[in-house]
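Novice: Provided herewith is a single structure, encoded as structure tokens, for subsequent inquiry.
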Amino acid sequence: MSNAAVQSKPGHLKVLAIIVLAFGGLFAVSGTATWLLVAGNLRAEQVTVADDAAAFAGELVDTPWEAWAQADIINHHALEGSGGKTYAQLDRDDPARATVMNGSFLRASLFTSVLAFGVSLLVFGLGVVFIITGEALRRIAVRLESPIGVPPAA
């Protein structure tokens, strides 16, 4: 292999490291921003977890676990009010149908926020992995640039 081929590899590796680091930063910032945006929007709704919920009773819903707890208790209340029947199982003229339907919509909204929290955490985590990977690639490129026997610059 020629010296020119060996010397070009660290340059390409440095560019790749910069790209991976940039995407890592973008993902970490985007994931954090999305988490904060979803939490802020939930907080603005001022929904509190019902007092008879399995967990987080009385807490303001602004985290995925509080949203999950509230969705769970909404389901419990809807089933209790419909005699254990879901929306699809109720007759069209059943007066409980509208209440169960509203409960289903609320649960779907809360579960959508739980999903959004999960995706934002995933994107943040990928950002951290990209940052670590980009830094490792950068360090490898620096080592490849250094002549044998000369310690790499910091």
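The way I read the labels, and the way they are meant: chains A, B, ... in the order of the structure tokens, residue 1 as the first residue of every chain, and ligand 1 as the first ligand shown, with later ones counted on from there.
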Show me, as JSON lines, the residues of region 2-62 of chain A having an atom within 8 Å of region 72-80 of chain A, each with the closest atom pair and its distance in Å, using only C-alpha atoms.

Specialist:
{"residue": "A:Ala50", "atom": "CA", "partner": "A:Ile73", "partner_atom": "CA", "distance": 7.1}
{"residue": "A:Asp52", "atom": "CA", "partner": "A:Ile73", "partner_atom": "CA", "distance": 7.5}
{"residue": "A:Ala53", "atom": "CA", "partner": "A:Ile73", "partner_atom": "CA", "distance": 5.4}
{"residue": "A:Ala54", "atom": "CA", "partner": "A:Ile73", "partner_atom": "CA", "distance": 7.6}

Novice: Mind dumping a table of every region 100-124 of chain A residue within 10 Å of region 22-44 of chain A, with the nearest atom pair and its distance in Å to one decimal, using only C-alpha atoms, sorted by chain and rising number, as a tab-separated table?

Specialist:
residue	atom	partner	partner_atom	distance
A:Leu110	CA	A:Leu42	CA	8.9
A:Ser113	CA	A:Val38	CA	6.8
A:Val114	CA	A:Val38	CA	9.2
A:Ala116	CA	A:Val38	CA	7.2
A:Phe117	CA	A:Trp35	CA	5.6
A:Gly118	CA	A:Trp35	CA	8.6
A:Val119	CA	A:Gly31	CA	7.8
A:Ser120	CA	A:Gly31	CA	4.3
A:Leu121	CA	A:Gly31	CA	6.0
A:Leu122	CA	A:Gly31	CA	7.4
A:Val123	CA	A:Gly31	CA	5.0
A:Phe124	CA	A:Ala28	CA	4.2

Novice: So that I can see what lies close to Thr48 (chain A), please list as an mmCIF file with N, CA, C and O atoms, in the first residue's frame the residues with an atom at most 6 Å from it, counting only C-alpha atoms and leaving out residues fewer than 4 positions away in the same chain.

Specialist:
data_model
loop_
_atom_site.group_PDB
_atom_site.id
_atom_site.type_symbol
_atom_site.label_atom_id
_atom_site.label_comp_id
_atom_site.auth_asym_id
_atom_site.auth_seq_id
_atom_site.Cartn_x
_atom_site.Cartn_y
_atom_site.Cartn_z
ATOM 1 N N GLY A 58 -52.758 12.385 42.606
ATOM 2 C CA GLY A 58 -52.691 13.811 42.876
ATOM 3 C C GLY A 58 -51.564 14.556 42.181
ATOM 4 O O GLY A 58 -51.503 15.779 42.244
ATOM 5 N N GLU A 59 -50.679 13.836 41.508
ATOM 6 C CA GLU A 59 -49.545 14.476 40.820
ATOM 7 C C GLU A 59 -49.998 15.075 39.494
ATOM 8 O O GLU A 59 -50.883 14.545 38.820
ATOM 9 N N LEU A 60 -49.359 16.181 39.113
ATOM 10 C CA LEU A 60 -49.600 16.794 37.815
ATOM 11 C C LEU A 60 -49.017 15.883 36.731
ATOM 12 O O LEU A 60 -47.887 15.408 36.859
ATOM 13 N N VAL A 61 -49.773 15.628 35.685
ATOM 14 C CA VAL A 61 -49.313 14.746 34.606
ATOM 15 C C VAL A 61 -48.354 15.520 33.713
ATOM 16 O O VAL A 61 -48.767 16.398 32.952
#

Novice: Among the residues of region 8-152 of chain A, find those DSSP assigns to alpha helix (DSSP H) from the backbone and print them as a PyMOL selection string.

Specialist: chain A and resi 8-45+64-81+97-145

Novice: How many Å separate CA of Ala71 (chain A) from CA of Met101 (chain A)?

Specialist: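 Separating CA of Ala71 (chain A) from CA of Met101 (chain A) is a distance of 13.4 Å.
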
Novice: CA of Leu126 (chain A) and CA of Leu16 (chain A) are how many Å apart?

Specialist: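 Here the two named atoms are 16.5 Å from each other.
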
Novice: Rounded to one decimal place, report the CA of Ile18 (chain A)-CA of Gly134 (chain A) distance in Å.

Specialist: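 If I compute the distance from CA of Ile18 (chain A) to CA of Gly134 (chain A), I get 6.6 Å.
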
Novice: Write out as a PyMOL selection string the residues lying within 8 Å of Phe56 (chain A), counting only C-alpha atoms and excluding same-chain residues fewer than 5 positions away.

Specialist: chain A and resi 49+66+69

Novice: Write the residues of the selection above to a file with N, CA, C and O atoms, as a PDB file, in the first residue's frame.

Specialist:
ATOM      1  N   VAL A  49     -53.285  13.211  38.233  1.00  0.00           N
ATOM      2  CA  VAL A  49     -53.585  11.788  38.330  1.00  0.00           C
ATOM      3  C   VAL A  49     -54.681  11.614  39.381  1.00  0.00           C
ATOM      4  O   VAL A  49     -54.621  12.207  40.466  1.00  0.00           O
ATOM      5  N   GLU A  66     -46.578   9.191  34.828  1.00  0.00           N
ATOM      6  CA  GLU A  66     -47.818   9.789  35.321  1.00  0.00           C
ATOM      7  C   GLU A  66     -48.915   9.710  34.255  1.00  0.00           C
ATOM      8  O   GLU A  66     -50.077   9.444  34.567  1.00  0.00           O
ATOM      9  N   ALA A  69     -50.178   6.167  34.341  1.00  0.00           N
ATOM     10  CA  ALA A  69     -51.026   5.928  35.517  1.00  0.00           C
ATOM     11  C   ALA A  69     -52.414   6.538  35.322  1.00  0.00           C
ATOM     12  O   ALA A  69     -53.425   5.911  35.661  1.00  0.00           O
TER      13      ALA A  69
END

Novice: With distances taken over only C-alpha atoms, which of A:Arg107, A:Arg97, A:Arg92, A:Arg138 is nearest to Lys14 (chain A)?

Specialist: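 Ranking A:Arg107, A:Arg97, A:Arg92, A:Arg138 by distance to Lys14 (chain A), first place goes to A:Arg138.
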
Novice: With distances taken over only C-alpha atoms, which of A:Val100, A:Val15, A:Leu115, A:Leu106 is nearest to Thr63 (chain A)?

Specialist: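 Under the stated criterion, the closest residue is A:Leu115.
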
Novice: List the spatial neighbours of Ala96 (chain A) as a short mmCIF file (atom, residue, chain, number, x, y, z; two decimals) with N, CA and C atoms, in the first residue's frame - criterion: any atom at most 7 Å away, only C-alpha atoms, same-chain residues fewer than 3 positions off excluded.

Specialist:
data_model
loop_
_atom_site.label_atom_id
_atom_site.label_comp_id
_atom_site.auth_asym_id
_atom_site.auth_seq_id
_atom_site.Cartn_x
_atom_site.Cartn_y
_atom_site.Cartn_z
N GLY A 81 -67.98 2.22 34.78
CA GLY A 81 -69.21 2.90 34.40
C GLY A 81 -70.01 2.17 33.33
N SER A 82 -69.37 1.25 32.61
CA SER A 82 -70.06 0.55 31.53
C SER A 82 -70.35 -0.91 31.88
N THR A 99 -69.54 8.25 27.35
CA THR A 99 -68.53 8.36 28.41
C THR A 99 -67.36 7.43 28.14
N VAL A 100 -67.64 6.22 27.71
CA VAL A 100 -66.57 5.26 27.41
C VAL A 100 -65.77 5.74 26.20
#
